[in-house]
Amino acid sequence: MKIVLLADTHLTAGSLVRGIDPIARLNLCVAAIQKLVPDADLCVLMGDNVENGSEDGYRALLECLKPLKMPIRFLAGNHDDRNTLLKVMPELDRDQGGYIQSSLETKREVLLFLDTAKSGENVGDYCEEKLTWLKEKLKDAGQKPVYIFMHHPPFKTGFWNDHSMVRDAAEFLAVVTAAGNVRHLFLGHTHRASSGSWNGLTWTTMHGSCYANDFELLPAKPNYRAGPADIGILLLNGNESVLHYQDVLGIHPLIEYSGKSIRESQ
Ligand SMILES: [Fe+2]
């Protein structure tokens with residue numbers, strides 16, 4: 001299965017975000033998808049789909065995504081507004097509590113799309129109601145490998161935004177580890193590509209398409225960079241997964257196979 005990941009698009013109806021035009025960035029992502037993986041089975045927007053939860057932001061987002069022919073799943077992030085997102089996209093799947101959570105069972109794996117947003121707060125949330133849904137889905141998956149997609153990491157990464165990760169994630173960890181079938185967590189929110197493991201669970205994050213977090217570990221305050229801006233190309237095959245990052249800003253020229261001309265051209 002081939003899945004395209006778009007993270008932290010922070011779309012607006014035209015205004016800049018920290019000096020960056022998020023529409024132009026998303027258009028670059030869509031062009032890259034059309035060029036590199038037009039046959040992808042699925043596209044996942046990893047949350048912070050818009051900058052300020054506005055209706056016109058979501059409408060601009062849908063307009064940008066129009067060229068994509070594959071199904072699209074949307075996660076909710078802290079910059080999203082769940083009610084407005086559902087107003088613009090009423091067809092999105094919800095759990096019994098009204099949260100934007102859904103599952104997708106394929107021949108070889110189960111994909112779970114979690115809602116970690118908490119209205120009016122930046123901090124991530126995975127409350128009892130959401131956990132009940134997750135427990136059921138993990139049980140239903142049985143022996144099939146499960147891949148989880150969620151906006152907020154349930155752990156810290158050493159950056160300034162650690163304060164806004166999923167609060168009280170112990171119960172989430174207990175549920176996931178008890179199920180024993182979760183293979184990997186795919187995350188947004190960090191605006192930085194990283195990977196690691198957390199209590200035996202492996203995970204990856206992405207830069208996303210808007211601004212990036214500069215590399216500065218705590219106690220540094222936030223500093224942002226205009227790039228990289230990446231899309232993720234995720235290849236899933238049962239127990240095997242590979243995530244390729246592709247920078248869409250195109251700043252690195254292709255080089256000859258021999259590599260001979262690199263030094264000569266500097
Ligand atoms: Fe974000």
# chains A, B, ... in the order shown; residues from 1 in each chain; ligands from 1
>>> residues_around(residues="stretch 244-252 of chain A", least_positions_apart="4", cutoff="10 Å", atoms="only C-alpha atoms", output="list in words")
Val4, Leu5, Arg25, Leu26, Asn27, Leu28, Cys29, Val30, Ala31, Ala32, Ile33, Leu36, Ala193, Met206, His207, Gly208, Ser209, Ala226, Gly227, Pro228, Ala229, Asp230, Ile231, Gly232, Ile233, Leu234 and Leu235 of chain A
>>> write_last_selection(atoms="C-alpha atoms", output="compact mmCIF listing (two decimals), in the first residue's frame")
# COMPACT_ATOMS: atom_id res chain seq x y z
CA VAL A 4 1.14 10.05 0.91
CA LEU A 5 1.48 12.04 4.12
CA ARG A 25 3.66 25.37 -0.46
CA LEU A 26 0.71 22.99 -0.66
CA ASN A 27 0.58 23.45 -4.41
CA LEU A 28 4.22 22.33 -4.54
CA CYS A 29 3.31 19.26 -2.49
CA VAL A 30 0.39 18.41 -4.75
CA ALA A 31 2.59 18.82 -7.84
CA ALA A 32 5.19 16.50 -6.27
CA ILE A 33 2.53 13.91 -5.52
CA LEU A 36 6.08 11.03 -8.01
CA ALA A 193 11.55 15.24 10.76
CA MET A 206 7.78 15.19 9.53
CA HIS A 207 8.76 18.76 8.76
CA GLY A 208 5.44 19.30 7.03
CA SER A 209 4.81 21.75 4.23
CA ALA A 226 11.39 28.41 5.82
CA GLY A 227 12.22 24.80 5.05
CA PRO A 228 12.64 21.95 4.40
CA ALA A 229 9.06 21.35 3.31
CA ASP A 230 8.38 17.70 2.90
CA ILE A 231 5.82 15.16 1.87
CA GLY A 232 5.98 11.62 3.20
CA ILE A 233 5.70 8.62 0.92
CA LEU A 234 4.81 5.66 3.07
CA LEU A 235 5.07 2.12 1.78
>>> select_by_dssp(residues="stretch 46-125 of chain A", states="alpha helix (DSSP H)", output="PDB file with N, CA, C and O atoms, in the first residue's frame")
ATOM      1  N   GLU A  55     -13.218  28.711   8.224  1.00  0.00           N
ATOM      2  CA  GLU A  55     -13.955  28.032   7.155  1.00  0.00           C
ATOM      3  C   GLU A  55     -13.310  28.297   5.794  1.00  0.00           C
ATOM      4  O   GLU A  55     -13.171  27.386   4.974  1.00  0.00           O
ATOM      5  N   ASP A  56     -12.898  29.545   5.575  1.00  0.00           N
ATOM      6  CA  ASP A  56     -12.303  29.830   4.253  1.00  0.00           C
ATOM      7  C   ASP A  56     -10.939  29.139   4.105  1.00  0.00           C
ATOM      8  O   ASP A  56     -10.525  28.803   2.995  1.00  0.00           O
ATOM      9  N   GLY A  57     -10.273  28.881   5.228  1.00  0.00           N
ATOM     10  CA  GLY A  57      -9.031  28.111   5.176  1.00  0.00           C
ATOM     11  C   GLY A  57      -9.285  26.686   4.697  1.00  0.00           C
ATOM     12  O   GLY A  57      -8.566  26.159   3.846  1.00  0.00           O
ATOM     13  N   TYR A  58     -10.347  26.070   5.246  1.00  0.00           N
ATOM     14  CA  TYR A  58     -10.674  24.697   4.833  1.00  0.00           C
ATOM     15  C   TYR A  58     -11.128  24.657   3.367  1.00  0.00           C
ATOM     16  O   TYR A  58     -10.828  23.706   2.648  1.00  0.00           O
ATOM     17  N   ARG A  59     -11.848  25.699   2.957  1.00  0.00           N
ATOM     18  CA  ARG A  59     -12.295  25.710   1.559  1.00  0.00           C
ATOM     19  C   ARG A  59     -11.090  25.875   0.615  1.00  0.00           C
ATOM     20  O   ARG A  59     -11.016  25.237  -0.442  1.00  0.00           O
ATOM     21  N   ALA A  60     -10.136  26.701   1.018  1.00  0.00           N
ATOM     22  CA  ALA A  60      -8.913  26.866   0.217  1.00  0.00           C
ATOM     23  C   ALA A  60      -8.122  25.556   0.178  1.00  0.00           C
ATOM     24  O   ALA A  60      -7.542  25.178  -0.850  1.00  0.00           O
ATOM     25  N   LEU A  61      -8.138  24.854   1.302  1.00  0.00           N
ATOM     26  CA  LEU A  61      -7.440  23.565   1.389  1.00  0.00           C
ATOM     27  C   LEU A  61      -8.030  22.577   0.380  1.00  0.00           C
ATOM     28  O   LEU A  61      -7.295  21.935  -0.390  1.00  0.00           O
ATOM     29  N   LEU A  62      -9.347  22.478   0.366  1.00  0.00           N
ATOM     30  CA  LEU A  62      -9.997  21.532  -0.558  1.00  0.00           C
ATOM     31  C   LEU A  62      -9.714  21.913  -2.004  1.00  0.00           C
ATOM     32  O   LEU A  62      -9.533  21.047  -2.865  1.00  0.00           O
ATOM     33  N   GLU A  63      -9.670  23.192  -2.267  1.00  0.00           N
ATOM     34  CA  GLU A  63      -9.388  23.662  -3.630  1.00  0.00           C
ATOM     35  C   GLU A  63      -7.979  23.208  -4.056  1.00  0.00           C
ATOM     36  O   GLU A  63      -7.789  22.721  -5.167  1.00  0.00           O
ATOM     37  N   CYS A  64      -7.013  23.364  -3.158  1.00  0.00           N
ATOM     38  CA  CYS A  64      -5.632  22.947  -3.462  1.00  0.00           C
ATOM     39  C   CYS A  64      -5.540  21.434  -3.688  1.00  0.00           C
ATOM     40  O   CYS A  64      -4.725  20.971  -4.494  1.00  0.00           O
ATOM     41  N   LEU A  65      -6.348  20.683  -2.933  1.00  0.00           N
ATOM     42  CA  LEU A  65      -6.242  19.215  -2.991  1.00  0.00           C
ATOM     43  C   LEU A  65      -7.020  18.612  -4.156  1.00  0.00           C
ATOM     44  O   LEU A  65      -6.915  17.405  -4.409  1.00  0.00           O
ATOM     45  N   ARG A  82     -12.603  21.586  15.062  1.00  0.00           N
ATOM     46  CA  ARG A  82     -13.315  20.358  14.675  1.00  0.00           C
ATOM     47  C   ARG A  82     -14.674  20.666  14.056  1.00  0.00           C
ATOM     48  O   ARG A  82     -15.052  20.095  13.034  1.00  0.00           O
ATOM     49  N   ASN A  83     -15.419  21.585  14.667  1.00  0.00           N
ATOM     50  CA  ASN A  83     -16.767  21.889  14.165  1.00  0.00           C
ATOM     51  C   ASN A  83     -16.720  22.515  12.778  1.00  0.00           C
ATOM     52  O   ASN A  83     -17.529  22.195  11.906  1.00  0.00           O
ATOM     53  N   THR A  84     -15.763  23.397  12.568  1.00  0.00           N
ATOM     54  CA  THR A  84     -15.664  24.053  11.257  1.00  0.00           C
ATOM     55  C   THR A  84     -15.185  23.057  10.204  1.00  0.00           C
ATOM     56  O   THR A  84     -15.675  23.047   9.073  1.00  0.00           O
ATOM     57  N   LEU A  85     -14.248  22.221  10.593  1.00  0.00           N
ATOM     58  CA  LEU A  85     -13.767  21.177   9.674  1.00  0.00           C
ATOM     59  C   LEU A  85     -14.935  20.285   9.240  1.00  0.00           C
ATOM     60  O   LEU A  85     -15.104  19.974   8.061  1.00  0.00           O
ATOM     61  N   LEU A  86     -15.775  19.921  10.208  1.00  0.00           N
ATOM     62  CA  LEU A  86     -16.914  19.048   9.893  1.00  0.00           C
ATOM     63  C   LEU A  86     -18.008  19.797   9.134  1.00  0.00           C
ATOM     64  O   LEU A  86     -18.763  19.193   8.373  1.00  0.00           O
ATOM     65  N   LYS A  87     -18.072  21.086   9.325  1.00  0.00           N
ATOM     66  CA  LYS A  87     -19.056  21.879   8.561  1.00  0.00           C
ATOM     67  C   LYS A  87     -18.683  21.878   7.076  1.00  0.00           C
ATOM     68  O   LYS A  87     -19.531  21.717   6.203  1.00  0.00           O
ATOM     69  N   VAL A  88     -17.382  22.026   6.825  1.00  0.00           N
ATOM     70  CA  VAL A  88     -16.922  22.071   5.425  1.00  0.00           C
ATOM     71  C   VAL A  88     -16.844  20.660   4.835  1.00  0.00           C
ATOM     72  O   VAL A  88     -17.065  20.475   3.637  1.00  0.00           O
TER      73      VAL A  88
END
>>> select_by_dssp(residues="stretch 1-220 of chain A", states="strand (DSSP E or B)", output="number ranges by chain")
A: 2-6, 11, 17, 20, 42-45, 50, 72-74, 102-105, 110-113, 118, 121, 124, 146-150, 166, 182-187, 194-198, 201-205, 212-213
>>> closest_residue(among="A:Asn237, A:Tyr126, A:Tyr211, A:Ser195", to="A:Ala169", atoms="only C-alpha atoms")
A:Tyr126
>>> closest_residue(among="A:Pro67, A:Gly238, A:Gly53, A:Gly97", to="ligand 1", atoms="only C-alpha atoms and all ligand atoms")
A:Gly53
>>> residues_near_ligand(ligand="ligand 1", cutoff="7 Å", atoms="only C-alpha atoms and all ligand atoms", output="ChimeraX atom specification")
/A:8,10,48,79,189-191
>>> residues_around(residues="stretch 69-76 of chain A", least_positions_apart="2", cutoff="8 Å", atoms="only C-alpha atoms", output="ChimeraX atom specification")
/A:38-49,66-67,78,80-82,92,100-101,113-117,149-151
>>> closest_residue(among="A:Cys210, A:Asn199, A:Arg108, A:Pro153", to="A:Asp21", atoms="only C-alpha atoms")
A:Cys210
>>> decode(residues="stretch 183-204 of chain A", atoms="N, CA, C and O atoms", output="mmCIF file, in the first residue's frame")
data_model
loop_
_atom_site.group_PDB
_atom_site.id
_atom_site.type_symbol
_atom_site.label_atom_id
_atom_site.label_comp_id
_atom_site.auth_asym_id
_atom_site.auth_seq_id
_atom_site.Cartn_x
_atom_site.Cartn_y
_atom_site.Cartn_z
ATOM 1 N N ARG A 183 2.333 -1.361 15.285
ATOM 2 C CA ARG A 183 3.690 -1.425 14.738
ATOM 3 C C ARG A 183 4.403 -0.082 14.704
ATOM 4 O O ARG A 183 5.620 -0.012 14.760
ATOM 5 N N HIS A 184 3.641 1.010 14.540
ATOM 6 C CA HIS A 184 4.329 2.294 14.362
ATOM 7 C C HIS A 184 3.339 3.439 14.550
ATOM 8 O O HIS A 184 2.147 3.291 14.265
ATOM 9 N N LEU A 185 3.871 4.583 15.020
ATOM 10 C CA LEU A 185 3.068 5.803 15.122
ATOM 11 C C LEU A 185 3.587 6.812 14.104
ATOM 12 O O LEU A 185 4.799 7.087 14.066
ATOM 13 N N PHE A 186 2.694 7.363 13.293
ATOM 14 C CA PHE A 186 3.039 8.451 12.369
ATOM 15 C C PHE A 186 2.415 9.733 12.919
ATOM 16 O O PHE A 186 1.223 9.762 13.236
ATOM 17 N N LEU A 187 3.244 10.798 13.028
ATOM 18 C CA LEU A 187 2.853 11.983 13.787
ATOM 19 C C LEU A 187 3.078 13.280 13.027
ATOM 20 O O LEU A 187 3.932 13.350 12.135
ATOM 21 N N GLY A 188 2.334 14.309 13.433
ATOM 22 C CA GLY A 188 2.570 15.669 12.940
ATOM 23 C C GLY A 188 3.067 16.520 14.097
ATOM 24 O O GLY A 188 3.760 16.040 14.985
ATOM 25 N N HIS A 189 2.707 17.812 14.071
ATOM 26 C CA HIS A 189 2.866 18.735 15.191
ATOM 27 C C HIS A 189 4.282 19.263 15.411
ATOM 28 O O HIS A 189 4.443 20.395 15.835
ATOM 29 N N THR A 190 5.301 18.459 15.152
ATOM 30 C CA THR A 190 6.653 18.883 15.545
ATOM 31 C C THR A 190 7.301 19.823 14.522
ATOM 32 O O THR A 190 8.266 20.493 14.847
ATOM 33 N N HIS A 191 6.810 19.847 13.282
ATOM 34 C CA HIS A 191 7.419 20.647 12.211
ATOM 35 C C HIS A 191 8.904 20.317 12.070
ATOM 36 O O HIS A 191 9.734 21.184 11.821
ATOM 37 N N ARG A 192 9.203 19.070 12.273
ATOM 38 C CA ARG A 192 10.594 18.633 12.184
ATOM 39 C C ARG A 192 10.616 17.128 11.961
ATOM 40 O O ARG A 192 9.888 16.387 12.620
ATOM 41 N N ALA A 193 11.443 16.672 11.011
ATOM 42 C CA ALA A 193 11.550 15.236 10.760
ATOM 43 C C ALA A 193 12.399 14.596 11.844
ATOM 44 O O ALA A 193 13.522 15.043 12.109
ATOM 45 N N SER A 194 11.850 13.582 12.470
ATOM 46 C CA SER A 194 12.599 12.854 13.497
ATOM 47 C C SER A 194 11.995 11.469 13.631
ATOM 48 O O SER A 194 10.896 11.205 13.152
ATOM 49 N N SER A 195 12.731 10.597 14.257
ATOM 50 C CA SER A 195 12.200 9.257 14.495
ATOM 51 C C SER A 195 12.791 8.726 15.790
ATOM 52 O O SER A 195 13.820 9.236 16.269
ATOM 53 N N GLY A 196 12.162 7.739 16.349
ATOM 54 C CA GLY A 196 12.669 7.181 17.599
ATOM 55 C C GLY A 196 11.769 6.079 18.102
ATOM 56 O O GLY A 196 10.942 5.549 17.351
ATOM 57 N N SER A 197 11.940 5.753 19.363
ATOM 58 C CA SER A 197 11.063 4.759 19.965
ATOM 59 C C SER A 197 10.658 5.247 21.338
ATOM 60 O O SER A 197 11.373 6.046 21.981
ATOM 61 N N TRP A 198 9.521 4.790 21.785
ATOM 62 C CA TRP A 198 8.933 5.230 23.049
ATOM 63 C C TRP A 198 8.306 4.012 23.713
ATOM 64 O O TRP A 198 7.330 3.481 23.213
ATOM 65 N N ASN A 199 8.956 3.551 24.734
ATOM 66 C CA ASN A 199 8.458 2.351 25.427
ATOM 67 C C ASN A 199 8.210 1.197 24.460
ATOM 68 O O ASN A 199 7.185 0.506 24.529
ATOM 69 N N GLY A 200 9.119 1.040 23.517
ATOM 70 C CA GLY A 200 9.021 -0.082 22.589
ATOM 71 C C GLY A 200 8.219 0.208 21.339
ATOM 72 O O GLY A 200 8.202 -0.610 20.409
ATOM 73 N N LEU A 201 7.550 1.378 21.279
ATOM 74 C CA LEU A 201 6.795 1.746 20.079
ATOM 75 C C LEU A 201 7.661 2.648 19.207
ATOM 76 O O LEU A 201 8.215 3.636 19.708
ATOM 77 N N THR A 202 7.785 2.339 17.948
ATOM 78 C CA THR A 202 8.574 3.204 17.072
ATOM 79 C C THR A 202 7.672 4.286 16.480
ATOM 80 O O THR A 202 6.469 4.108 16.343
ATOM 81 N N TRP A 203 8.292 5.416 16.121
ATOM 82 C CA TRP A 203 7.517 6.561 15.635
ATOM 83 C C TRP A 203 8.336 7.422 14.676
ATOM 84 O O TRP A 203 9.577 7.362 14.680
ATOM 85 N N THR A 204 7.632 8.203 13.866
ATOM 86 C CA THR A 204 8.282 9.181 12.997
ATOM 87 C C THR A 204 7.452 10.461 12.933
ATOM 88 O O THR A 204 6.236 10.428 13.070
#
